[in-house]
>>> print(open('input_33.cif').read())   # mmCIF, C-alpha atoms
data_start
#
loop_
_atom_site.label_atom_id
_atom_site.label_comp_id
_atom_site.auth_asym_id
_atom_site.auth_seq_id
_atom_site.Cartn_x
_atom_site.Cartn_y
_atom_site.Cartn_z
CA VAL A 1 -48.83 73.33 54.55
CA ARG A 2 -46.66 73.64 57.67
CA TYR A 3 -49.13 76.15 59.10
CA GLY A 4 -52.25 74.19 58.20
CA ILE A 5 -53.15 76.29 55.18
CA PRO A 6 -54.75 74.53 52.17
CA VAL A 7 -52.85 75.12 48.94
CA VAL A 8 -53.78 74.69 45.29
CA PRO A 9 -52.50 71.36 43.90
CA GLY A 10 -49.39 72.12 41.84
CA SER A 11 -45.66 71.70 41.36
CA ASP A 12 -43.23 71.98 44.26
CA GLY A 13 -40.73 73.86 42.11
CA ALA A 14 -40.49 75.90 38.93
CA PHE A 15 -39.49 74.54 35.51
CA THR A 16 -37.40 75.84 32.64
CA ASP A 17 -37.52 72.59 30.65
CA SER A 18 -40.77 71.90 28.80
CA GLY A 19 -40.38 68.11 28.89
CA ALA A 20 -39.91 67.96 32.65
CA ALA A 21 -42.77 70.39 33.13
CA GLN A 22 -45.09 68.33 30.95
CA SER A 23 -44.29 65.21 32.94
CA ALA A 24 -45.22 67.01 36.15
CA ALA A 25 -48.37 68.36 34.49
CA SER A 26 -49.59 64.82 33.87
CA GLN A 27 -49.37 64.14 37.61
CA ILE A 28 -51.22 67.33 38.59
CA GLY A 29 -53.96 67.05 35.99
CA TYR A 30 -55.61 69.42 33.51
CA PRO A 31 -56.67 72.19 33.13
CA LEU A 32 -53.49 73.86 34.36
CA LEU A 33 -52.30 77.37 35.03
CA LEU A 34 -48.71 78.25 34.12
CA LYS A 35 -47.30 80.99 36.37
CA ALA A 36 -43.96 82.75 36.04
CA ARG A 37 -41.80 82.30 39.17
CA SER A 38 -40.83 85.97 39.19
CA GLY A 39 -44.13 87.13 37.72
CA GLY A 40 -46.90 89.52 38.54
CA GLY A 41 -49.63 91.47 36.82
CA GLY A 42 -50.63 88.51 34.67
CA ARG A 43 -47.36 88.37 32.74
CA GLY A 44 -45.94 84.90 32.12
CA MET A 45 -49.31 83.25 32.80
CA ARG A 46 -51.17 80.84 30.52
CA VAL A 47 -54.14 78.50 30.93
CA VAL A 48 -53.59 75.05 29.40
CA GLU A 49 -56.72 72.99 28.77
CA ASP A 50 -55.06 69.71 27.75
CA LYS A 51 -51.78 67.95 26.99
CA ALA A 52 -51.83 68.88 23.30
CA ALA A 53 -51.69 72.60 24.12
CA PHE A 54 -49.01 72.35 26.79
CA ALA A 55 -45.76 72.75 24.83
CA GLY A 56 -46.90 75.84 22.95
CA ALA A 57 -48.30 77.55 26.05
CA PHE A 58 -45.18 76.76 28.08
CA SER A 59 -42.96 78.27 25.39
CA GLN A 60 -45.08 81.43 25.26
CA ALA A 61 -45.14 81.82 29.05
CA THR A 62 -41.38 81.31 29.29
CA ARG A 63 -40.61 83.90 26.62
CA GLU A 64 -42.92 86.42 28.22
CA ALA A 65 -41.43 85.78 31.68
CA VAL A 66 -37.87 86.22 30.38
CA ALA A 67 -38.82 89.47 28.65
CA ALA A 68 -40.61 90.86 31.72
CA PHE A 69 -38.53 89.50 34.60
CA SER A 70 -35.32 88.00 33.12
CA ASP A 71 -36.45 84.71 34.66
CA GLY A 72 -38.22 82.13 32.53
CA ALA A 73 -38.93 79.56 35.25
CA ILE A 74 -42.60 78.48 35.39
CA TYR A 75 -44.71 76.99 38.19
CA LEU A 76 -47.65 74.69 37.44
CA GLU A 77 -50.90 74.54 39.35
CA ARG A 78 -54.43 73.28 38.86
CA PHE A 79 -56.68 75.77 37.14
CA PHE A 80 -60.19 76.39 38.42
CA PRO A 81 -62.31 77.89 35.60
CA THR A 82 -64.56 79.81 37.98
CA VAL A 83 -63.06 81.24 41.16
CA ARG A 84 -63.19 84.34 43.28
CA HIS A 85 -60.00 86.13 44.35
CA ILE A 86 -60.06 86.70 48.11
CA GLU A 87 -57.24 88.27 50.11
CA VAL A 88 -56.57 89.08 53.76
CA GLN A 89 -54.64 92.16 54.86
CA VAL A 90 -52.13 91.45 57.62
CA LEU A 91 -49.67 93.34 59.80
CA GLY A 92 -46.73 91.60 61.47
CA ASP A 93 -44.24 92.90 64.01
CA GLY A 94 -41.36 90.66 62.94
CA LYS A 95 -41.42 88.84 66.28
CA GLY A 96 -44.36 86.53 65.75
CA GLY A 97 -47.08 89.05 66.53
CA ALA A 98 -49.70 89.39 63.81
CA VAL A 99 -53.07 90.99 63.09
CA ALA A 100 -55.41 89.98 60.27
CA PHE A 101 -58.32 92.01 58.91
CA ALA A 102 -61.54 91.05 57.16
CA GLU A 103 -61.10 89.94 53.58
CA ARG A 104 -61.02 91.93 50.37
CA ASP A 105 -62.72 90.56 47.25
CA CYS A 106 -60.73 91.26 44.07
CA SER A 107 -62.72 89.08 41.68
CA VAL A 108 -63.48 91.77 39.09
CA GLN A 109 -60.44 91.30 36.88
CA ARG A 110 -59.41 91.32 33.25
CA ARG A 111 -56.50 89.16 32.12
CA HIS A 112 -55.45 88.69 35.75
CA GLN A 113 -55.39 92.46 36.34
CA LYS A 114 -57.58 93.67 39.19
CA LEU A 115 -60.12 96.35 38.26
CA VAL A 116 -62.34 96.59 41.35
CA GLU A 117 -61.79 95.60 44.98
CA GLU A 118 -64.22 95.56 47.88
CA THR A 119 -64.50 94.60 51.51
CA PRO A 120 -66.09 92.58 52.93
CA SER A 121 -66.68 90.01 50.19
CA PRO A 122 -70.33 89.34 49.28
CA ALA A 123 -69.36 85.67 48.83
CA VAL A 124 -67.80 85.07 52.27
CA ASP A 125 -69.86 84.21 55.33
CA GLU A 126 -68.72 84.73 58.90
CA ALA A 127 -67.48 81.17 59.37
CA LEU A 128 -65.29 81.27 56.27
CA ARG A 129 -64.13 84.79 57.16
CA GLU A 130 -62.85 83.57 60.52
CA GLU A 131 -61.17 80.61 58.83
CA LEU A 132 -59.37 82.79 56.27
CA MET A 133 -58.29 85.35 58.86
CA ALA A 134 -56.99 82.63 61.17
CA ALA A 135 -55.01 81.02 58.35
CA ALA A 136 -53.52 84.37 57.30
CA LYS A 137 -52.59 85.14 60.89
CA ARG A 138 -50.93 81.73 61.37
CA LEU A 139 -48.80 82.26 58.28
CA THR A 140 -47.83 85.83 59.21
CA SER A 141 -46.95 84.84 62.74
CA GLY A 142 -45.21 81.61 61.72
CA ILE A 143 -42.73 83.32 59.41
CA ALA A 144 -42.29 86.26 61.82
CA TYR A 145 -43.32 88.62 59.06
CA GLU A 146 -42.70 92.34 59.58
CA GLY A 147 -44.82 95.14 58.13
CA ALA A 148 -47.90 95.12 55.93
CA GLY A 149 -48.67 92.19 53.66
CA THR A 150 -51.51 90.36 51.98
CA VAL A 151 -52.31 86.66 52.12
CA GLU A 152 -54.18 85.71 48.96
CA PHE A 153 -56.63 82.87 48.29
CA ILE A 154 -58.84 81.61 45.52
CA LEU A 155 -62.36 80.59 46.48
CA SER A 156 -64.44 78.05 44.56
CA PRO A 157 -68.06 79.30 44.58
CA GLU A 158 -69.32 75.78 43.87
CA THR A 159 -67.59 74.01 46.76
CA HIS A 160 -66.89 77.01 49.04
CA GLU A 161 -63.29 75.77 49.31
CA ALA A 162 -60.48 78.29 49.67
CA PHE A 163 -56.87 77.67 48.66
CA PHE A 164 -53.81 79.77 49.47
CA ILE A 165 -52.05 81.02 46.31
CA GLU A 166 -49.45 83.55 47.45
CA MET A 167 -48.43 86.23 49.92
CA ASN A 168 -47.73 89.74 48.68
CA THR A 169 -45.03 91.12 50.94
CA ARG A 170 -45.86 94.79 50.44
CA ILE A 171 -48.64 97.31 50.63
CA GLN A 172 -51.11 96.83 47.79
CA VAL A 173 -53.07 99.09 45.47
CA GLU A 174 -56.34 98.06 47.12
CA HIS A 175 -55.29 98.78 50.72
CA PRO A 176 -57.56 101.89 50.99
CA VAL A 177 -60.73 99.78 51.22
CA THR A 178 -59.36 98.13 54.36
CA GLU A 179 -58.38 101.55 55.70
CA ALA A 180 -61.92 102.84 55.07
CA LEU A 181 -63.53 99.85 56.77
CA PHE A 182 -61.34 99.87 59.88
CA GLY A 183 -60.37 103.52 60.19
CA LEU A 184 -56.67 102.76 59.80
CA ASP A 185 -53.67 104.25 58.01
CA LEU A 186 -51.77 101.18 56.85
CA VAL A 187 -48.84 103.13 55.41
CA LYS A 188 -48.39 104.92 58.73
CA ALA A 189 -48.60 101.54 60.48
CA GLN A 190 -45.66 100.27 58.42
CA PHE A 191 -43.48 103.15 59.60
CA GLU A 192 -44.57 102.64 63.21
CA ILE A 193 -43.74 98.93 63.07
CA ALA A 194 -40.35 99.71 61.54
CA ALA A 195 -39.73 102.18 64.38
CA GLY A 196 -40.38 99.47 66.97
CA ALA A 197 -43.87 100.39 68.11
CA ASP A 198 -46.02 97.70 69.70
CA LEU A 199 -48.31 96.17 67.11
CA TYR A 200 -51.29 96.17 69.44
CA ASP A 201 -50.86 99.87 70.18
CA ILE A 202 -50.94 100.55 66.45
CA VAL A 203 -54.09 98.47 65.97
CA SER A 204 -56.26 99.34 68.93
CA HIS A 205 -59.38 97.65 67.52
CA ASP A 206 -60.41 95.42 64.66
CA ASP A 207 -64.07 96.42 64.29
CA ARG A 208 -65.19 96.90 60.72
CA VAL A 209 -67.78 99.50 59.80
CA GLY A 210 -69.89 99.28 56.65
CA HIS A 211 -68.68 98.36 53.18
CA ALA A 212 -66.01 99.83 50.89
CA ILE A 213 -65.40 99.50 47.14
CA GLU A 214 -62.41 100.71 45.12
CA PHE A 215 -62.43 101.35 41.37
CA ARG A 216 -59.12 101.59 39.50
CA ILE A 217 -59.25 104.46 37.02
CA ASN A 218 -56.91 103.60 34.15
CA ALA A 219 -55.81 105.62 31.14
CA GLU A 220 -57.21 103.03 28.75
CA ASP A 221 -59.78 102.92 25.96
CA TRP A 222 -61.98 100.18 27.40
CA ARG A 223 -64.21 100.10 24.32
CA ASN A 224 -61.15 99.37 22.17
CA ASP A 225 -59.72 96.32 23.95
CA PHE A 226 -58.44 98.52 26.80
CA ARG A 227 -55.79 100.08 24.59
CA PRO A 228 -53.47 102.46 26.53
CA SER A 229 -54.44 106.11 26.14
CA PRO A 230 -51.58 108.42 27.13
CA GLY A 231 -51.75 112.16 26.60
CA GLN A 232 -52.57 115.44 28.30
CA ILE A 233 -55.47 115.88 30.72
CA LEU A 234 -57.51 118.79 29.35
CA SER A 235 -60.22 118.78 32.01
CA TRP A 236 -60.11 117.14 35.44
CA CYS A 237 -62.98 117.39 37.91
CA PRO A 238 -62.93 114.54 40.44
CA PRO A 239 -65.92 113.68 42.65
CA GLY A 240 -66.18 114.36 46.37
CA GLY A 241 -68.60 114.06 49.25
CA THR A 242 -69.09 111.96 52.35
CA GLY A 243 -67.67 108.47 51.97
CA VAL A 244 -65.81 109.30 48.76
CA ARG A 245 -61.99 109.24 48.58
CA LEU A 246 -59.78 109.74 45.55
CA ASP A 247 -56.08 108.80 45.54
CA THR A 248 -54.30 110.40 42.59
CA ALA A 249 -51.50 112.67 41.46
CA ILE A 250 -53.39 113.82 38.35
CA HIS A 251 -54.45 117.42 37.75
CA GLU A 252 -55.64 119.51 34.83
CA ARG A 253 -52.92 119.82 32.15
CA ALA A 254 -51.05 116.85 33.60
CA ASN A 255 -49.37 114.58 31.08
CA VAL A 256 -49.98 110.83 31.26
CA PRO A 257 -46.87 109.16 29.75
CA PRO A 258 -46.98 105.86 27.87
CA TYR A 259 -44.09 104.29 29.77
CA TYR A 260 -45.67 103.14 33.03
CA ASP A 261 -48.71 101.40 34.47
CA SER A 262 -51.89 102.99 33.15
CA MET A 263 -53.60 103.57 36.51
CA ILE A 264 -54.09 107.30 37.13
CA ALA A 265 -56.45 107.27 40.12
CA LYS A 266 -58.22 105.11 42.69
CA LEU A 267 -61.83 105.93 43.59
CA ILE A 268 -62.83 104.55 46.99
CA ASN A 269 -66.42 104.62 48.21
CA HIS A 270 -67.44 103.78 51.79
CA GLY A 271 -71.06 103.21 52.78
CA HIS A 272 -72.98 101.80 55.72
CA ASP A 273 -73.63 98.63 53.68
CA ARG A 274 -72.86 97.30 50.18
CA SER A 275 -75.95 98.83 48.62
CA ASP A 276 -75.03 102.23 50.02
CA ALA A 277 -71.43 101.90 48.82
CA ILE A 278 -72.64 101.06 45.29
CA SER A 279 -75.05 104.01 45.38
CA LYS A 280 -72.22 106.37 46.35
CA ALA A 281 -70.00 104.86 43.67
CA ARG A 282 -72.68 105.41 41.04
CA ALA A 283 -72.99 109.10 41.97
CA ALA A 284 -69.21 109.58 42.16
CA LEU A 285 -68.58 107.94 38.79
CA ASP A 286 -71.35 109.97 37.15
CA ALA A 287 -69.77 113.18 38.49
CA PHE A 288 -66.20 112.26 37.53
CA VAL A 289 -64.92 114.36 34.60
CA CYS A 290 -61.68 113.54 32.79
CA GLU A 291 -61.17 114.85 29.27
CA GLY A 292 -58.24 114.68 26.89
CA ILE A 293 -57.60 110.96 27.17
CA GLU A 294 -59.71 107.82 27.30
CA THR A 295 -60.27 106.27 30.74
CA THR A 296 -62.10 103.37 32.35
CA ILE A 297 -64.58 105.66 34.14
CA GLY A 298 -67.22 104.66 31.60
CA PHE A 299 -66.44 100.99 32.11
CA HIS A 300 -67.09 101.35 35.85
CA ARG A 301 -70.30 103.31 35.23
CA SER A 302 -71.59 100.34 33.23
CA LEU A 303 -70.24 97.85 35.74
CA VAL A 304 -72.17 99.23 38.73
CA GLU A 305 -75.40 98.91 36.74
CA SER A 306 -74.77 95.21 36.02
CA ALA A 307 -77.15 92.84 37.77
CA ASP A 308 -74.33 90.34 38.34
CA PHE A 309 -72.13 92.94 40.03
CA GLN A 310 -74.99 94.27 42.14
CA SER A 311 -75.80 90.75 43.35
CA GLY A 312 -72.14 89.89 43.92
CA GLY A 313 -72.29 87.06 41.37
CA VAL A 314 -68.93 87.59 39.69
CA HIS A 315 -65.70 85.62 39.30
CA THR A 316 -62.20 86.33 38.03
CA ARG A 317 -63.13 85.66 34.39
CA TRP A 318 -66.59 87.22 34.52
CA VAL A 319 -65.53 90.50 32.89
CA GLU A 320 -64.25 88.68 29.81
CA THR A 321 -66.74 85.82 29.58
CA ASN A 322 -69.90 87.67 30.61
CA PHE A 323 -69.76 91.42 31.00
CA LEU A 324 -67.74 92.44 27.92
CA SER A 325 -69.29 89.74 25.74
CA ILE A 326 -72.80 91.15 26.10
#
>>> encode(input="input_33.cif", output="structure tokens")
Amino acid sequence: VRYGIPVVPGSDGAFTDSGAAQSAASQIGYPLLLKARSGGGGRGMRVVEDKAAFAGAFSQATREAVAAFSDGAIYLERFFPTVRHIEVQVLGDGKGGAVAFAERDCSVQRRHQKLVEETPSPAVDEALREELMAAAKRLTSGIAYEGAGTVEFILSPETHEAFFIEMNTRIQVEHPVTEALFGLDLVKAQFEIAAGADLYDIVSHDDRVGHAIEFRINAEDWRNDFRPSPGQILSWCPPGGTGVRLDTAIHERANVPPYYDSMIAKLINHGHDRSDAISKARAALDAFVCEGIETTIGFHRSLVESADFQSGGVHTRWVETNFLSI
């Protein structure tokens, strides 16, 4: 608020007591989203439709947050049933200097877990883009942030209103799409900033070229409720070609353990426009061979053929309410 950034209506602090939280919930209004203070990855989050469901959902979110983060405190905020997840990559020099890049759209999600990210967003026009970038830059500069970070917003497709939700103070999984669009190495930029280099020497231009889409390849059986699928990779033949990038540590005979996050690769496709990027993604996914375990490659193959995805008409709950329910 201090930097003129609109925020989602919600609680000023986090709650551990259900009664106090429910009192605050009545002031904010339903439906509500419960969010773990120390959370991430969708853990410790619950949607509450009305007062009758509040106590049970709060108890569940608290238990999950304690188990995952050893911190059961829960924030409350208004829940928007249909939103897009929009984020702005930033770099700060720690002295008030800041650079913001065109937005990434991370609306293809399942249970608050991102599955696909792209830039620029098909739902953001130039006026809103400038507004989001300016807000992200004000925040980054105002707190004298140092390094790479992401300022995240939700966007209401109906009203075209954007609200700040959080800042991720780290490099993110989806940073390669920004790198592809701007010809940058964001990890290298972090080291250069830490070494005292001038921010504007690191970022010599901010011109974006084309469109980029990233697909998270997870070791999951997507046809069986995305059940984890650890095991040994028996055959591994990743795609290649112009505009295709694969970030992975996987190789043939590699073992995928059951103990960590299920993502085993990131497939990034860069085209001269969104249609071209989708076309390259379709060819890359069709050529991608991974045998021995179940993966989400097939899920993404189906996704790129979806009319809603091709038109950009998705939201953060679209995978669950539309795509998988077909």
>>> resolve_selection(input="input_33.cif", expression="the PyMOL selection byres ((chain A and resi 251-260) around 9)", output="PyMOL selection string")
chain A and resi 219+228-237+248-250+261-264+290+293
>>> atom_distance(input="input_33.cif", atom1="atom CA of A:Ala144", atom2="atom CA of A:Gly10")
25.5 Å
>>> resolve_selection(input="input_33.cif", expression="the PyMOL selection byres ((chain A and resi 4) around 9)", output="list in words")
Val1, Arg2, Tyr3, Ile5, Pro6, Ala135, Arg138 and Leu139 of chain A
>>> write_last_selection(input="input_33.cif", atoms="C-alpha atoms", output="compact mmCIF listing (two decimals), keeping the file's coordinate frame")
# COMPACT_ATOMS: atom_id res chain seq x y z
CA VAL A 1 -48.83 73.33 54.55
CA ARG A 2 -46.66 73.64 57.67
CA TYR A 3 -49.13 76.15 59.10
CA ILE A 5 -53.15 76.29 55.18
CA PRO A 6 -54.75 74.53 52.17
CA ALA A 135 -55.01 81.02 58.35
CA ARG A 138 -50.93 81.73 61.37
CA LEU A 139 -48.80 82.26 58.28
>>> resolve_selection(input="input_33.cif", expression="the PyMOL selection byres ((chain A and resi 64-80) around 9)", output="PDB file with C-alpha atoms, in the coordinates of the input")
ATOM      1  CA  VAL A   8     -53.780  74.690  45.290  1.00  0.00           C
ATOM      2  CA  PRO A   9     -52.500  71.360  43.900  1.00  0.00           C
ATOM      3  CA  GLY A  10     -49.390  72.120  41.840  1.00  0.00           C
ATOM      4  CA  SER A  11     -45.660  71.700  41.360  1.00  0.00           C
ATOM      5  CA  ASP A  12     -43.230  71.980  44.260  1.00  0.00           C
ATOM      6  CA  GLY A  13     -40.730  73.860  42.110  1.00  0.00           C
ATOM      7  CA  ALA A  14     -40.490  75.900  38.930  1.00  0.00           C
ATOM      8  CA  PHE A  15     -39.490  74.540  35.510  1.00  0.00           C
ATOM      9  CA  THR A  16     -37.400  75.840  32.640  1.00  0.00           C
ATOM     10  CA  ASP A  17     -37.520  72.590  30.650  1.00  0.00           C
ATOM     11  CA  ALA A  21     -42.770  70.390  33.130  1.00  0.00           C
ATOM     12  CA  ALA A  24     -45.220  67.010  36.150  1.00  0.00           C
ATOM     13  CA  ALA A  25     -48.370  68.360  34.490  1.00  0.00           C
ATOM     14  CA  ILE A  28     -51.220  67.330  38.590  1.00  0.00           C
ATOM     15  CA  GLY A  29     -53.960  67.050  35.990  1.00  0.00           C
ATOM     16  CA  TYR A  30     -55.610  69.420  33.510  1.00  0.00           C
ATOM     17  CA  PRO A  31     -56.670  72.190  33.130  1.00  0.00           C
ATOM     18  CA  LEU A  32     -53.490  73.860  34.360  1.00  0.00           C
ATOM     19  CA  LEU A  33     -52.300  77.370  35.030  1.00  0.00           C
ATOM     20  CA  LEU A  34     -48.710  78.250  34.120  1.00  0.00           C
ATOM     21  CA  LYS A  35     -47.300  80.990  36.370  1.00  0.00           C
ATOM     22  CA  ALA A  36     -43.960  82.750  36.040  1.00  0.00           C
ATOM     23  CA  ARG A  37     -41.800  82.300  39.170  1.00  0.00           C
ATOM     24  CA  SER A  38     -40.830  85.970  39.190  1.00  0.00           C
ATOM     25  CA  GLY A  39     -44.130  87.130  37.720  1.00  0.00           C
ATOM     26  CA  ARG A  43     -47.360  88.370  32.740  1.00  0.00           C
ATOM     27  CA  GLY A  44     -45.940  84.900  32.120  1.00  0.00           C
ATOM     28  CA  MET A  45     -49.310  83.250  32.800  1.00  0.00           C
ATOM     29  CA  VAL A  47     -54.140  78.500  30.930  1.00  0.00           C
ATOM     30  CA  VAL A  48     -53.590  75.050  29.400  1.00  0.00           C
ATOM     31  CA  GLU A  49     -56.720  72.990  28.770  1.00  0.00           C
ATOM     32  CA  PHE A  58     -45.180  76.760  28.080  1.00  0.00           C
ATOM     33  CA  SER A  59     -42.960  78.270  25.390  1.00  0.00           C
ATOM     34  CA  GLN A  60     -45.080  81.430  25.260  1.00  0.00           C
ATOM     35  CA  ALA A  61     -45.140  81.820  29.050  1.00  0.00           C
ATOM     36  CA  THR A  62     -41.380  81.310  29.290  1.00  0.00           C
ATOM     37  CA  ARG A  63     -40.610  83.900  26.620  1.00  0.00           C
ATOM     38  CA  PRO A  81     -62.310  77.890  35.600  1.00  0.00           C
ATOM     39  CA  THR A  82     -64.560  79.810  37.980  1.00  0.00           C
ATOM     40  CA  VAL A  83     -63.060  81.240  41.160  1.00  0.00           C
ATOM     41  CA  ILE A 154     -58.840  81.610  45.520  1.00  0.00           C
ATOM     42  CA  SER A 156     -64.440  78.050  44.560  1.00  0.00           C
TER      43      SER A 156
END
>>> atom_distance(input="input_33.cif", atom1="atom CA of A:Ser279", atom2="atom CA of A:Leu267")
13.5 Å
>>> closest_atom_pairs(input="input_33.cif", of="stretch 160-266 of chain A", to="stretch 126-131 of chain A", cutoff="10 Å", atoms="all atoms listed in the file", output="JSON lines")
{"residue": "A:His160", "atom": "CA", "partner": "A:Leu128", "partner_atom": "CA", "distance": 8.5}
{"residue": "A:Glu161", "atom": "CA", "partner": "A:Leu128", "partner_atom": "CA", "distance": 9.1}
{"residue": "A:Ala162", "atom": "CA", "partner": "A:Leu128", "partner_atom": "CA", "distance": 8.7}
>>> atom_distance(input="input_33.cif", atom1="atom CA of A:Val108", atom2="atom CA of A:Trp318")
7.2 Å
>>> residues_around(input="input_33.cif", residues="A:Ser107", least_positions_apart="3", cutoff="8 Å", atoms="all atoms listed in the file", output="PyMOL selection string")
chain A and resi 83-86+114+116-117+314-316
>>> closest_atom_pairs(input="input_33.cif", of="stretch 50-158 of chain A", to="stretch 199-209 of chain A", cutoff="10 Å", atoms="only C-alpha atoms", output="JSON lines")
{"residue": "A:Leu91", "atom": "CA", "partner": "A:Leu199", "partner_atom": "CA", "distance": 8.0}
{"residue": "A:Gly92", "atom": "CA", "partner": "A:Leu199", "partner_atom": "CA", "distance": 7.4}
{"residue": "A:Asp93", "atom": "CA", "partner": "A:Leu199", "partner_atom": "CA", "distance": 6.1}
{"residue": "A:Gly94", "atom": "CA", "partner": "A:Leu199", "partner_atom": "CA", "distance": 9.8}
{"residue": "A:Gly97", "atom": "CA", "partner": "A:Leu199", "partner_atom": "CA", "distance": 7.2}
{"residue": "A:Ala98", "atom": "CA", "partner": "A:Leu199", "partner_atom": "CA", "distance": 7.7}
{"residue": "A:Val99", "atom": "CA", "partner": "A:Val203", "partner_atom": "CA", "distance": 8.1}
{"residue": "A:Ala100", "atom": "CA", "partner": "A:Asp206", "partner_atom": "CA", "distance": 8.6}
{"residue": "A:Phe101", "atom": "CA", "partner": "A:Asp206", "partner_atom": "CA", "distance": 7.0}
{"residue": "A:Ala102", "atom": "CA", "partner": "A:Arg208", "partner_atom": "CA", "distance": 7.8}
{"residue": "A:Thr119", "atom": "CA", "partner": "A:Arg208", "partner_atom": "CA", "distance": 9.5}
{"residue": "A:Pro120", "atom": "CA", "partner": "A:Arg208", "partner_atom": "CA", "distance": 9.0}
{"residue": "A:Gly147", "atom": "CA", "partner": "A:Leu199", "partner_atom": "CA", "distance": 9.7}
>>> closest_residue(input="input_33.cif", among="A:Val90, A:Val319, A:Val7, A:Val177", to="A:Arg111", atoms="only C-alpha atoms")
A:Val319
>>> residues_near_point(input="input_33.cif", point="(-65.3, 101.3, 43.5)", cutoff="9 Å", atoms="all atoms listed in the file", output="list in words")
Leu115, Val116, Glu117, Glu118, Ala212, Ile213, Glu214, Phe215, Arg216, Lys266, Leu267, Ile268, Asn269, His270, Ala277, Ile278, Ala281, Arg282, Leu285, His300 and Val304 of chain A
>>> closest_residue(input="input_33.cif", among="A:Lys51, A:Glu174, A:Asn168, A:Phe163", to="A:Arg104", atoms="all atoms listed in the file")
A:Glu174
>>> closest_residue(input="input_33.cif", among="A:Phe226, A:Gly40, A:Pro239, A:Asp308", to="A:His112", atoms="all atoms listed in the file")
A:Gly40
